[in-house]
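For reference, the structure is listed below as structure tokens.
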Amino acid sequence: MTSTRLLITAMVVENRPVREVAATYGVSTSWLYELLARYRREGEAVFEPRSRRPDTNPNATPPEVVDLIIRLRKELADQGLDAGPDTICWHLTHHHDTTVSRATVARHLTARGLITPEPKKRPKSSYIRFEADQPNECWQSDFTHYRLTRPDRRPGLDSEVLSWLDDCSRFALRTTARKSPLLDSSKAPND
């Protein structure tokens, strides 16, 4: 038995005074009078759970703006233009003198099924690094291009650095550096 049904039964069926029921069950008399008035007005519906949502929300996006967001999405998509939340916000601000946040636009588009949500988190399996179990099982190589500068500020030489690592121990097996052949301007391909 719910507490509402218990209190109403005590006051209506058992005909107990409101002050006695309030003292017995540890509730205020003003709440009991409100509950009793609601029971007389609504009947058995008073025992159903009631929503605590307010009747109005002064911060809610007006329905006209929501309709405008949906209309802009359709118009931009039909023209083959970008119709994302950022673009719609720009059009609302510059053409309709309405400022709405990007999140609000995205929320209304998602609620109407116009945006397919994409997860932003990578799966945990993608954070697991591949690693060889035994030494010399897998090697990694890395090639780096590095431009050397000369003390007299003239263009220097290009160099190439090649590194070989053992994947298991992360030990550098070999690192070499050499001059990179410069592209001769006379042999450059025509653009």
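Each chain of the structure tokens is named A, B, ... in the order shown, its residues numbered from 1; ligands are numbered from 1 in display order.
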
Tell me, as a ChimeraX atom specification, which residues lie within 12 Å of range 166-174 of chain A, counting only C-alpha atoms; anything in the same chain fewer than 3 positions away does not count. /A:129-142,161-163,177

Those residues with N, CA and C atoms, as a compact mmCIF listing (two decimals), in the first residue's frame please?
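The resulting again-v2.txt:
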```txt
# COMPACT_ATOMS: atom_id res chain seq x y z
N ARG A 129 48.10 -1.30 -26.98
CA ARG A 129 49.17 -1.23 -27.97
C ARG A 129 49.61 -2.63 -28.35
N PHE A 130 49.79 -2.82 -29.66
CA PHE A 130 50.36 -4.09 -30.10
C PHE A 130 51.79 -4.15 -29.62
N GLU A 131 52.18 -5.28 -29.07
CA GLU A 131 53.53 -5.42 -28.54
C GLU A 131 53.97 -6.86 -28.76
N ALA A 132 55.17 -7.01 -29.26
CA ALA A 132 55.70 -8.36 -29.48
C ALA A 132 55.99 -9.02 -28.13
N ASP A 133 55.80 -10.33 -28.08
CA ASP A 133 56.01 -11.06 -26.83
C ASP A 133 57.47 -11.45 -26.61
N GLN A 134 58.19 -11.68 -27.70
CA GLN A 134 59.58 -12.14 -27.61
C GLN A 134 60.51 -11.14 -28.29
N PRO A 135 61.77 -11.03 -27.82
CA PRO A 135 62.74 -10.18 -28.51
C PRO A 135 62.95 -10.68 -29.95
N ASN A 136 63.21 -9.76 -30.85
CA ASN A 136 63.44 -10.02 -32.27
C ASN A 136 62.23 -10.65 -32.97
N GLU A 137 61.08 -10.61 -32.34
CA GLU A 137 59.88 -11.12 -32.98
C GLU A 137 59.34 -10.09 -33.99
N CYS A 138 59.47 -8.82 -33.64
CA CYS A 138 58.96 -7.77 -34.51
C CYS A 138 59.86 -6.54 -34.35
N TRP A 139 60.25 -5.98 -35.49
CA TRP A 139 61.03 -4.75 -35.48
C TRP A 139 60.21 -3.64 -36.07
N GLN A 140 60.50 -2.43 -35.61
CA GLN A 140 59.83 -1.25 -36.16
C GLN A 140 60.89 -0.33 -36.74
N SER A 141 60.55 0.28 -37.87
CA SER A 141 61.49 1.24 -38.45
C SER A 141 60.81 2.59 -38.55
N ASP A 142 61.61 3.63 -38.44
CA ASP A 142 61.09 4.99 -38.52
C ASP A 142 62.05 5.82 -39.35
N VAL A 161 67.21 10.37 -41.24
CA VAL A 161 67.55 9.57 -40.07
C VAL A 161 66.67 8.33 -40.09
N LEU A 162 67.30 7.16 -40.03
CA LEU A 162 66.57 5.90 -40.05
C LEU A 162 66.83 5.17 -38.74
N SER A 163 65.74 4.78 -38.04
CA SER A 163 65.87 4.10 -36.75
C SER A 163 65.21 2.73 -36.84
N ALA A 177 72.22 8.03 -40.06
CA ALA A 177 71.89 9.32 -40.66
C ALA A 177 72.75 9.48 -41.91
```

Leaving out range 20-26 of chain A and any residue of its chain fewer than 5 positions from it, which residues lie within 9 Å of it when counting only C-alpha atoms, given as a list in words? Leu7, Ala10, Met11, Trp31 and Leu32 of chain A

Go ahead and write the residues just picked, N, CA and C atoms, as a PDB file, in the first residue's frame.
```pdb
ATOM      1  N   LEU A   7      -2.747   7.216   3.858  1.00  0.00           N
ATOM      2  CA  LEU A   7      -3.218   8.449   4.480  1.00  0.00           C
ATOM      3  C   LEU A   7      -4.681   8.725   4.130  1.00  0.00           C
ATOM      4  N   ALA A  10      -6.929   6.360   6.033  1.00  0.00           N
ATOM      5  CA  ALA A  10      -7.041   6.733   7.445  1.00  0.00           C
ATOM      6  C   ALA A  10      -8.018   7.891   7.635  1.00  0.00           C
ATOM      7  N   MET A  11      -8.030   8.866   6.700  1.00  0.00           N
ATOM      8  CA  MET A  11      -8.903  10.030   6.861  1.00  0.00           C
ATOM      9  C   MET A  11     -10.319   9.779   6.354  1.00  0.00           C
ATOM     10  N   TRP A  31      -0.185  19.286   4.190  1.00  0.00           N
ATOM     11  CA  TRP A  31      -0.065  18.272   3.136  1.00  0.00           C
ATOM     12  C   TRP A  31      -1.293  17.367   3.127  1.00  0.00           C
ATOM     13  N   LEU A  32      -1.779  16.999   4.305  1.00  0.00           N
ATOM     14  CA  LEU A  32      -2.968  16.132   4.374  1.00  0.00           C
ATOM     15  C   LEU A  32      -4.203  16.841   3.826  1.00  0.00           C
TER      16      LEU A  32
END
```

Close residues, range 46-48 of chain A itself excluded, 12 Å, only C-alpha atoms, min 2 positions apart in chain, as a PyMOL selection string: chain A and resi 1-9+34-44+50-51

Report as number ranges by chain: the residues of range 36-126 of chain A with a DSSP assignment of alpha helix (DSSP H), based on the backbone of this structure. A: 36-42, 63-78, 85-96, 102-111

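In the backbone-derived DSSP annotation, strand (DSSP E or B) within range 10-187 of chain A comprises Trp139, Gln140, Ser141, Asp142, Phe143, Thr144, His145, Tyr146, Arg147, Asp158, Ser159, Glu160, Val161, Leu162, Ser163, Trp164, Leu165, Asp166, Ala172, Leu173, Arg174, Thr175, Thr176, Ala177, Arg178 and Lys179 of chain A.
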